[in-house]
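The structure appears below as structure tokens.
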Amino acid sequence: MLSVIIPAFNEEQNIPRIKTELVPVLKRMNIDYEIVVVDDGSSDQTVEKVIEAKKTAREIKLFKHGRNKGLGHAVRTGIEKAS
């Protein structure tokens, strides 16, 4: 299984690209995959956009930090939560 880890901090404008750009590429690869999004304490609509994307892309998993802990910590969380 391929795990794609996406650390996100105030990325509401980029989250829809997961469905329109990333998911089609992964589907063409014809492998099992998951997309692990780690929200690192965003103050915008990042979480809501991920929840919306999850409705049609069940491969997306969302994990949230209550506050911003930094890129490295978000990546580590993604690795820990990946299948």
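Going by the structure tokens order, chains are called A, B, ..., each with residues numbered from 1, while ligands are numbered from 1 in the order shown.
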
What's the 12 Å shell around region 25-29 of chain A, counting only C-alpha atoms, without same-chain residues fewer than 3 positions away, as an MDAnalysis selection string?
-> chainID A and resid 1:4 17:22 32:35 57 59

Can you build me a table of region 18-56 of chain A residues sitting at most 6 Å from region 61-73 of chain A, with the closest atom pair per residue and its distance in Å to one decimal, using only C-alpha atoms, sorted by chain and residue number, as a Markdown table?
| residue | atom | partner | partner_atom | distance |
| --- | --- | --- | --- | --- |
| A:Val36 | CA | A:Lys61 | CA | 4.9 |
| A:Val37 | CA | A:Leu62 | CA | 5.0 |
| A:Val38 | CA | A:Phe63 | CA | 4.8 |
| A:Asp39 | CA | A:Lys64 | CA | 4.7 |
| A:Asp40 | CA | A:Asn68 | CA | 4.9 |
| A:Gly41 | CA | A:Arg67 | CA | 4.1 |

Could you pull out the strand (DSSP E) residues of chain A from DSSP and send them as a VMD selection string?
-> chain A and resid 2 to 8 33 to 40 60 to 65

For Lys54 (chain A), which of A:Pro7, A:Gln13, A:Ile79, A:Val23 is the closest residue, counting only C-alpha atoms?
->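 Of A:Pro7, A:Gln13, A:Ile79, A:Val23, the one nearest Lys54 (chain A), counting only C-alpha atoms, is A:Val23.
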
Please identify all polymer residues within 8 Å of Gln45 (chain A), counting only C-alpha atoms, omitting same-chain residues fewer than 3 positions from it, and present them as a list in words.
->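 With the cut-off at 8 Å, the set is Asn10, Glu11, Glu12, Ser42, Glu48 and Lys49 of chain A.
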